[in-house]
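Here is the structure we will look at, set down as structure tokens.
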Protein chains: 2
Amino acid sequence: MDDPDKPRFHMSPEAFRRHGREVVDWIADYMERVAELPVSAQVAPGEVMARLPKHAPERGEPFEAMLRDLDQVVVPGLMHWQHPSFFGYFPCNTSGPSILGDLLASGLGVQGMLWQTSPACTEVETRVLDWLVDAMGLPVAFKSDAGGGGVIQDSASSAALCALLAARERVTGGAGNSRGLSAAGGDGGPVEVVAYTSSHAHSSLAKAAMIAGLGRDRMRAVEVDERFAMRPQALARAIEGDLAAGRIPAFVCATVGTTSSHAIDPVPAIAEICRAHGLWLHIDAAAAGPAAMCPEYRWIHDGVEHADSYCFNPHKWMFTNFDCDCFYVRDRAALVAALGILPEYLRNQATESGQVFDYRDWQVPLGRRFRALKLWFVLRWYGLEGLRAHLARHIALARWFADQVRADERFVLIGEPPLNLVCFRHVAGDEASERVLAEVNDTGRVFLSHTRLDGRYVLRMSIGGTFTEAEHVEAAWALLSAAARG
Amino acid sequence: MDDPDKPRFHMSPEAFRRHGREVVDWIADYMERVAELPVSAQVAPGEVMARLPKHAPERGEPFEAMLRDLDQVVVPGLMHWQHPSFFGYFPCNTSGPSILGDLLASGLGVQGMLWQTSPACTEVETRVLDWLVDAMGLPVAFKSDAGGGGVIQDSASSAALCALLAARERVTGGAGNSRGLSAAGGDGGPVEVVAYTSSHAHSSLAKAAMIAGLGRDRMRAVEVDERFAMRPQALARAIEGDLAAGRIPAFVCATVGTTSSHAIDPVPAIAEICRAHGLWLHIDAAAAGPAAMCPEYRWIHDGVEHADSYCFNPHKWMFTNFDCDCFYVRDRAALVAALGILPEYLRNQATESGQVFDYRDWQVPLGRRFRALKLWFVLRWYGLEGLRAHLARHIALARWFADQVRADERFVLIGEPPLNLVCFRHVAGDEASERVLAEVNDTGRVFLSHTRLDGRYVLRMSIGGTFTEAEHVEAAWALLSAAARG
């Protein structure tokens with residue numbers, strides 16, 4: 001710190017104060033002007049890289065140089081997920097309290113891998129995740145004072161992987177972990193663990209089966225009904241087929257709000273099948289879960305009381321910036337049995353007392369950032385009533401949008417949107433749908449993404465931006481309507 | 001945004017500006033006062049939770065309430081990893097430019113899962129990781145314009161898992177992914193994939209083998225020499241034994257700077273064995289890697305030119321806040337073959353052109369934060385000469401500390417510290433060593449952690465704090481010396 005504001009030396013607290021204000025102002029300005037930027041990036045592959053030097057600077061640069069390049073090089077190369085007319089993929093909505101909670105996590109720079117390495121990092125997380133059990137009507141068995149508990153994962157992908165591993169180890173009695181799947185049988189032979197989800201489940205389920213060594217084929221893609229929800233009878237048949245073939249069914253993932261269309265699997269019926277066969281039931285409510293905060297949408301959680309694990313993403317639709325997935329288990333011992341490992345250099349009294357959670361044993365990586373701060377700040381800033389109001393507002397906007405689509409003969413509405421995602425296509429077929437999407441996205445004034453449903457190219461209108469108002473949804477509809485022609 | 005500064009409504013840009021400054025000031029104040037706080041938390045299990053309400057607030061709270069609880073509830077419950085007298089585990093050092101780069105990532109709130117979803121998020125990352133190849137003397141094959149490439153992972157644990165999966169799929173020809181390890185053989189039978197690392201490797205290697213379905217036993221813990229480095233002959237024997245038993249060796253992880261003692265495995269000899277048997281060689285340089293920036297410590301990378309993959313953690317010892325692990329592969333196609341998956345809702349022209357990196361296929365989760373910003377800011381603020389100067393300063397402090405230990409007959413220095421970690425014990429044995437550690441840590445003025453080497457309880461003095469100066473190391477030595485007594 002020889003020279004407090006010169007690069008090469010550490011940035012002094014005083015310099016941090018000054019540059020920190022510049023960055024806060026930059027973000028506030030960005031919030032104010034993002035609506036005027038083109039939603040999608042206007043760059044070709046390699047264009048951003050070509051504007052960056054080929055080598056790291058030998059000498060430090062002033063902070064101003066970074067902010068300049070942020071404006072000139074980075075911003076034109078971004079898709080603006082916080083643009084009020086961003087309707088692609090999923091909302092990924094952030095908010096002031098979240099950004100500032102996350103900033104504090106960066107500034108504190110603590111590690112929450114063990115309780116011991118920062119008790120508050122663990123205990124704030126445990127408490128806030130307990131709060132959400134009550135706020136969303138999740139089973140009390142998920143709470144930390146029961147046998148369960150919640151933990152923040154980076155994503156629903158990782159949550160699904162952890163749940164699958166817990167199920168794999170429960171069914172192999174830990175032999176998957178010790179001897180591996182090729183030798184986990186009672187006789188030292190292979191064990192063919194099988195898992196199930198619907199053909200509309202998120203791709204992370206197949207990926208989890210690949211990573212966990214089950215194989216992608218062993219994550220059975222169970223048939224869906226006309227609303228793209230899992231058919232319980234097809235699930236039952238698949239399980240029985242695998243049992244008859246000597247395989248070991250272990251895990252079912254039901255989806256509450258699929259990625260493509262927000263389809264909601266019939267959890268009560270699925271849960272009954274899981275119970276009959278002793279299978280681990282995981283619920284992936286990554287995108288739709290937050291709606292359960294609202295009493296009028298609490299029904300999406302019907303049957304969740306039977307789940308062994310559950311997750312939803314505040315970083316999708318609860319004003320909390322990425323990464324923040326809330327993952328719950330009914331039996332935390334099963335999770336820790338699958339993921340726990342204790343080397344000497346991490347031994348400590350608190351761990352040995354058994355009185356604390358060491359969250360490193362609840363996840364894939366060892367290190368942990370203080371992610372609970374941002375979630376805590378969001379819950380406190382908005383309060384439950386605030387969150388409910390914003391969620392209900394998004395759903396109302398989606399209903400208005402669905403009404404326009406339904407009333408327009410040039411478009412076909414796909415099902416009734418249960419929440420904040422509207423799926424529709426052009427009546428003239430895939431080519432017309434693709435053309436409409438490309439045309440509206442090319443204006444830069446809006447961004448939607450697509451999927452395929454029943455083999456047809458479908459546009460997805462996902463409404464959940466923090467600063468998305470009726471005017472933005474109306475403008476999007478006007479663009480789509482103009483592009484539809486005919 | 002009906003009322004711009006009232007909770008329940010969204011925090012307006014104006015309110016964000018004001019509260020953002022409060023938070024920046026809070027962090028600057030924290031930087032200035034952290035040296036006066038007790039390094040370790042002063043709380044018992046459950047104490048922090050007991051100070052938090054049992055239920056989420058129904059109504060939003062003012063931002064001031066959160067900052068108040070941060071001071072009153074959170075800070076006393078933290079271990080202060082940024083305290084200049086924090087010498088535990090690993091440095092985890094952060095810095096102003098990193099915190100502000102990370103703040104911008106939160107504020108922009110973009111997703112880098114696909115190139116398409118924010119091209120700059122991908123291309124800044126690719127470029128900055130290319131920079132580091134040159135800056136650290138890594139093989140040019142790791143660069144994006146060769147067949148390789150770098151990607152930011154959350155941690156070295158995840159990097160090791162991804163490397164192991166790539167190796168598993170290379171050796172099974174993709175059948176591990178498709179049919180699972182219990183049926184990946186040519187005949188549809190099991191394949192017993194085996195991996196190797198030293199008995200001093202990080203626990204994440206065993207965990208990766210558990211997750212990947214190989215089984216913990218199949219991550220062979222190869223014997224180490226008197227300096228705790230892997231014995232290449234023992235590795236060769238283990239491989240030959242597994243081959244003779246019909247198993248399929250696939251992967252070796254060599255460590256450059258083990259967690260316990262910074263031991264450096266003999267990579268050239270290990271690489272030769274890997275080449276002879278066609279095994280994937282991964283190098284885990286999580287903690288020690290940054291030292292290779294300095295020409296005088298570049299030797300730690302001897303043999304890395306033969307590696308298939310490599311990782312090091314800027315979030316450990318390069319002033320970049322968690323999470324930031326830099327992971328490189330020689331053959332990016334092998335990594336993508338192991339982790340790639342493309343559902344319809346993510347299809348896009350750029351991906352299909354083959355001209356872009358979609359980093360979701362280089363990692364376990366799907367979502368990605370713009371983590372490259374903080375690393376880019378750190379490299380630009382310090383410049384390579386600045387980083388080298390700070391790393392060399394930490395190593396010089398460690399040498400001074402080792403000199404004190406060596407000269408003091410009450411302590412035994414364990415080996416010569418190659419870099420910034422000094423291991424030592426009390427000459428009177430484990431009980432005395434444990435007592436010394438507990439006594440100095442209980443003062444709250446310093447924190448060290450421990451390990452076991454050759455069965456003996458050993459203190460670890462890890463020197464790498466951003467604001468750690470000679471005075472802090474001297475004070476730690478004075479405390480240790482006083483606690484040693486006799």
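Note on naming: chains are A, B, ... as they come in the structure tokens, residues start from 1 per chain, ligands start from 1 in the order shown.
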Problem - Close residues, stretch 52-55 of chain A itself excluded, 9 Å, only C-alpha atoms, min 4 positions apart in chain, as a list in words - result: Val48, Asp69 and Val73 of chain A; Val124, Arg127, Val128, Asp130, Trp131, Leu132, Asp134 and Ala135 of chain B
Practice task
Quick one: everything within 12 Å of A:Leu346, counting only C-alpha atoms, minus sequence neighbours fewer than 5 positions away in the same chain. Send it as a list in words.
Solution key: Met113, Leu114, Trp115, Gln116, Thr117, Gly340, Ile341, Thr351, Glu352, Asp358, Arg360, Asp361, Leu366 and Gly367 of chain A; Gly88, Tyr89, Phe90, His202, Ser203, Thr259, Ser260, Leu448, Ser449, His450, Thr451 and Arg452 of chain B
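Of the residues listed (B:Leu235, B:Val473, B:Cys162, B:Val446), B:Cys162 shows the shortest atom-to-atom separation from B:Val329; distances use only C-alpha atoms.
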DSSP on the backbone, then: every residue of stretch 278-313 of chain A marked strand (DSSP E), written as a PDB file with all heavy atoms, in the first residue's frame.
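New file result.pdb:
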ATOM      1  N   TRP A 280     -36.300 -42.251  -4.163  1.00  0.00           N
ATOM      2  CA  TRP A 280     -36.049 -40.865  -3.766  1.00  0.00           C
ATOM      3  C   TRP A 280     -36.813 -39.954  -4.711  1.00  0.00           C
ATOM      4  O   TRP A 280     -36.645 -40.035  -5.926  1.00  0.00           O
ATOM      5  CB  TRP A 280     -34.554 -40.572  -3.854  1.00  0.00           C
ATOM      6  CG  TRP A 280     -34.142 -39.200  -3.389  1.00  0.00           C
ATOM      7  CD1 TRP A 280     -34.389 -38.022  -4.023  1.00  0.00           C
ATOM      8  CD2 TRP A 280     -33.403 -38.881  -2.204  1.00  0.00           C
ATOM      9  NE1 TRP A 280     -33.850 -36.980  -3.302  1.00  0.00           N
ATOM     10  CE2 TRP A 280     -33.240 -37.473  -2.187  1.00  0.00           C
ATOM     11  CE3 TRP A 280     -32.862 -39.633  -1.163  1.00  0.00           C
ATOM     12  CZ2 TRP A 280     -32.534 -36.820  -1.168  1.00  0.00           C
ATOM     13  CZ3 TRP A 280     -32.167 -38.976  -0.148  1.00  0.00           C
ATOM     14  CH2 TRP A 280     -32.017 -37.592  -0.145  1.00  0.00           C
ATOM     15  N   LEU A 281     -37.641 -39.073  -4.160  1.00  0.00           N
ATOM     16  CA  LEU A 281     -38.390 -38.126  -4.996  1.00  0.00           C
ATOM     17  C   LEU A 281     -37.796 -36.731  -4.867  1.00  0.00           C
ATOM     18  O   LEU A 281     -37.811 -36.128  -3.790  1.00  0.00           O
ATOM     19  CB  LEU A 281     -39.865 -38.107  -4.586  1.00  0.00           C
ATOM     20  CG  LEU A 281     -40.730 -37.053  -5.313  1.00  0.00           C
ATOM     21  CD1 LEU A 281     -40.706 -37.239  -6.827  1.00  0.00           C
ATOM     22  CD2 LEU A 281     -42.168 -37.082  -4.790  1.00  0.00           C
ATOM     23  N   HIS A 282     -37.272 -36.249  -5.981  1.00  0.00           N
ATOM     24  CA  HIS A 282     -36.745 -34.883  -6.042  1.00  0.00           C
ATOM     25  C   HIS A 282     -37.712 -34.027  -6.853  1.00  0.00           C
ATOM     26  O   HIS A 282     -38.249 -34.486  -7.864  1.00  0.00           O
ATOM     27  CB  HIS A 282     -35.365 -34.885  -6.717  1.00  0.00           C
ATOM     28  CG  HIS A 282     -34.782 -33.513  -6.919  1.00  0.00           C
ATOM     29  ND1 HIS A 282     -34.440 -32.682  -5.876  1.00  0.00           N
ATOM     30  CD2 HIS A 282     -34.475 -32.814  -8.062  1.00  0.00           C
ATOM     31  CE1 HIS A 282     -33.954 -31.542  -6.359  1.00  0.00           C
ATOM     32  NE2 HIS A 282     -33.964 -31.596  -7.680  1.00  0.00           N
ATOM     33  N   ILE A 283     -37.934 -32.803  -6.387  1.00  0.00           N
ATOM     34  CA  ILE A 283     -38.798 -31.884  -7.122  1.00  0.00           C
ATOM     35  C   ILE A 283     -37.954 -30.736  -7.655  1.00  0.00           C
ATOM     36  O   ILE A 283     -37.313 -30.020  -6.883  1.00  0.00           O
ATOM     37  CB  ILE A 283     -39.892 -31.269  -6.216  1.00  0.00           C
ATOM     38  CG1 ILE A 283     -40.627 -32.343  -5.418  1.00  0.00           C
ATOM     39  CG2 ILE A 283     -40.844 -30.399  -7.042  1.00  0.00           C
ATOM     40  CD1 ILE A 283     -41.617 -33.147  -6.184  1.00  0.00           C
ATOM     41  N   ASP A 284     -37.970 -30.565  -8.960  1.00  0.00           N
ATOM     42  CA  ASP A 284     -37.278 -29.437  -9.570  1.00  0.00           C
ATOM     43  C   ASP A 284     -38.298 -28.348  -9.866  1.00  0.00           C
ATOM     44  O   ASP A 284     -39.067 -28.439 -10.828  1.00  0.00           O
ATOM     45  CB  ASP A 284     -36.586 -29.907 -10.866  1.00  0.00           C
ATOM     46  CG  ASP A 284     -35.924 -28.758 -11.615  1.00  0.00           C
ATOM     47  OD1 ASP A 284     -35.946 -27.618 -11.109  1.00  0.00           O
ATOM     48  OD2 ASP A 284     -35.392 -29.007 -12.722  1.00  0.00           O
ATOM     49  N   SER A 309     -36.421 -34.357  -1.638  1.00  0.00           N
ATOM     50  CA  SER A 309     -35.643 -33.134  -1.867  1.00  0.00           C
ATOM     51  C   SER A 309     -36.397 -32.238  -2.833  1.00  0.00           C
ATOM     52  O   SER A 309     -37.311 -32.684  -3.543  1.00  0.00           O
ATOM     53  CB  SER A 309     -34.245 -33.459  -2.400  1.00  0.00           C
ATOM     54  OG  SER A 309     -34.311 -34.248  -3.573  1.00  0.00           O
ATOM     55  N   TYR A 310     -35.999 -30.984  -2.848  1.00  0.00           N
ATOM     56  CA  TYR A 310     -36.734 -29.966  -3.585  1.00  0.00           C
ATOM     57  C   TYR A 310     -35.786 -28.819  -3.869  1.00  0.00           C
ATOM     58  O   TYR A 310     -34.926 -28.513  -3.046  1.00  0.00           O
ATOM     59  CB  TYR A 310     -37.894 -29.474  -2.703  1.00  0.00           C
ATOM     60  CG  TYR A 310     -38.574 -28.211  -3.202  1.00  0.00           C
ATOM     61  CD1 TYR A 310     -39.707 -28.282  -4.015  1.00  0.00           C
ATOM     62  CD2 TYR A 310     -38.071 -26.947  -2.873  1.00  0.00           C
ATOM     63  CE1 TYR A 310     -40.327 -27.125  -4.479  1.00  0.00           C
ATOM     64  CE2 TYR A 310     -38.687 -25.786  -3.346  1.00  0.00           C
ATOM     65  CZ  TYR A 310     -39.812 -25.882  -4.147  1.00  0.00           C
ATOM     66  OH  TYR A 310     -40.417 -24.749  -4.613  1.00  0.00           O
ATOM     67  N   CYS A 311     -35.949 -28.172  -5.003  1.00  0.00           N
ATOM     68  CA  CYS A 311     -35.187 -26.939  -5.220  1.00  0.00           C
ATOM     69  C   CYS A 311     -35.963 -25.925  -6.031  1.00  0.00           C
ATOM     70  O   CYS A 311     -36.842 -26.270  -6.821  1.00  0.00           O
ATOM     71  CB  CYS A 311     -33.843 -27.219  -5.878  1.00  0.00           C
ATOM     72  SG  CYS A 311     -33.931 -27.538  -7.642  1.00  0.00           S
ATOM     73  N   PHE A 312     -35.627 -24.660  -5.801  1.00  0.00           N
ATOM     74  CA  PHE A 312     -36.112 -23.577  -6.652  1.00  0.00           C
ATOM     75  C   PHE A 312     -35.028 -22.505  -6.684  1.00  0.00           C
ATOM     76  O   PHE A 312     -34.123 -22.484  -5.846  1.00  0.00           O
ATOM     77  CB  PHE A 312     -37.448 -23.008  -6.145  1.00  0.00           C
ATOM     78  CG  PHE A 312     -37.299 -22.023  -5.015  1.00  0.00           C
ATOM     79  CD1 PHE A 312     -37.416 -20.649  -5.235  1.00  0.00           C
ATOM     80  CD2 PHE A 312     -37.032 -22.453  -3.726  1.00  0.00           C
ATOM     81  CE1 PHE A 312     -37.280 -19.736  -4.194  1.00  0.00           C
ATOM     82  CE2 PHE A 312     -36.888 -21.544  -2.675  1.00  0.00           C
ATOM     83  CZ  PHE A 312     -37.014 -20.195  -2.912  1.00  0.00           C
TER      84      PHE A 312
END
Exercise for the section: Please return as an MDAnalysis selection string: the residues of stretch 234-454 of chain B that backbone DSSP assigns to alpha helix (DSSP H). Expected result: chainID B and resid 234:244 267:277 314:317 332:339 349:353 372:407 430:442
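Summary of the local environment: counting only C-alpha atoms, residues at most 10 Å from A:Pro295, other than itself and those fewer than 2 positions away along its chain, are Ala135, Met136, Gly137, Ala291, Ala292, Met293, Tyr297, Arg298, Trp299 and Arg388 of chain A.
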Export of the given selection (N, CA and C atoms) as a PDB file, in the first residue's frame:
ATOM      1  N   ALA A 135     -42.588 -19.679   4.264  1.00  0.00           N
ATOM      2  CA  ALA A 135     -43.125 -18.684   3.327  1.00  0.00           C
ATOM      3  C   ALA A 135     -43.721 -19.342   2.089  1.00  0.00           C
ATOM      4  N   MET A 136     -43.232 -20.538   1.744  1.00  0.00           N
ATOM      5  CA  MET A 136     -43.678 -21.179   0.511  1.00  0.00           C
ATOM      6  C   MET A 136     -44.496 -22.433   0.761  1.00  0.00           C
ATOM      7  N   GLY A 137     -44.799 -22.688   2.027  1.00  0.00           N
ATOM      8  CA  GLY A 137     -45.610 -23.864   2.337  1.00  0.00           C
ATOM      9  C   GLY A 137     -44.902 -25.172   2.042  1.00  0.00           C
ATOM     10  N   ALA A 291     -43.596 -18.816  -7.169  1.00  0.00           N
ATOM     11  CA  ALA A 291     -45.027 -18.503  -7.205  1.00  0.00           C
ATOM     12  C   ALA A 291     -45.762 -19.043  -5.982  1.00  0.00           C
ATOM     13  N   ALA A 292     -45.192 -20.081  -5.364  1.00  0.00           N
ATOM     14  CA  ALA A 292     -45.846 -20.677  -4.192  1.00  0.00           C
ATOM     15  C   ALA A 292     -45.871 -19.733  -2.992  1.00  0.00           C
ATOM     16  N   MET A 293     -45.128 -18.637  -3.067  1.00  0.00           N
ATOM     17  CA  MET A 293     -45.245 -17.602  -2.034  1.00  0.00           C
ATOM     18  C   MET A 293     -46.664 -17.057  -1.967  1.00  0.00           C
ATOM     19  N   TYR A 297     -51.338 -19.409  -5.638  1.00  0.00           N
ATOM     20  CA  TYR A 297     -50.557 -20.333  -6.491  1.00  0.00           C
ATOM     21  C   TYR A 297     -49.880 -21.430  -5.678  1.00  0.00           C
ATOM     22  N   ARG A 298     -50.209 -21.512  -4.442  1.00  0.00           N
ATOM     23  CA  ARG A 298     -49.610 -22.512  -3.550  1.00  0.00           C
ATOM     24  C   ARG A 298     -49.865 -23.935  -4.058  1.00  0.00           C
ATOM     25  N   TRP A 299     -50.935 -24.067  -4.838  1.00  0.00           N
ATOM     26  CA  TRP A 299     -51.292 -25.392  -5.378  1.00  0.00           C
ATOM     27  C   TRP A 299     -50.190 -26.010  -6.223  1.00  0.00           C
ATOM     28  N   ARG A 388     -44.737 -11.233  -2.999  1.00  0.00           N
ATOM     29  CA  ARG A 388     -46.005 -11.742  -3.546  1.00  0.00           C
ATOM     30  C   ARG A 388     -46.593 -10.767  -4.560  1.00  0.00           C
TER      31      ARG A 388
END
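You can rank A:Glu434, A:Glu344, A:Asp308, A:Asp325 by their closest distance to chain B using only C-alpha atoms, and at the top of that list sits A:Glu344.
When atom CA of B:Ala141 is paired with atom CA of B:Cys326, their separation reads 15.2 Å.
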Practice task
List the neighbours of A:Ala484 out to 12 Å using only C-alpha atoms; skip same-chain residues closer than 2 positions along the sequence, and give me the result as an NGL selection string.
Solution key: :A and (405 or 408-412 or 425-429 or 431-440 or 477-482 or 486)
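The space separating atom CA of A:Asn93 from atom CA of A:Gly46 comes to 27.9 Å.
Near B:Val222, within a cut-off of 6 Å and counting only C-alpha atoms, sit the residues Thr197, Ser198, Ser199 and Leu235 of chain B, with same-chain residues fewer than 3 positions away left out.
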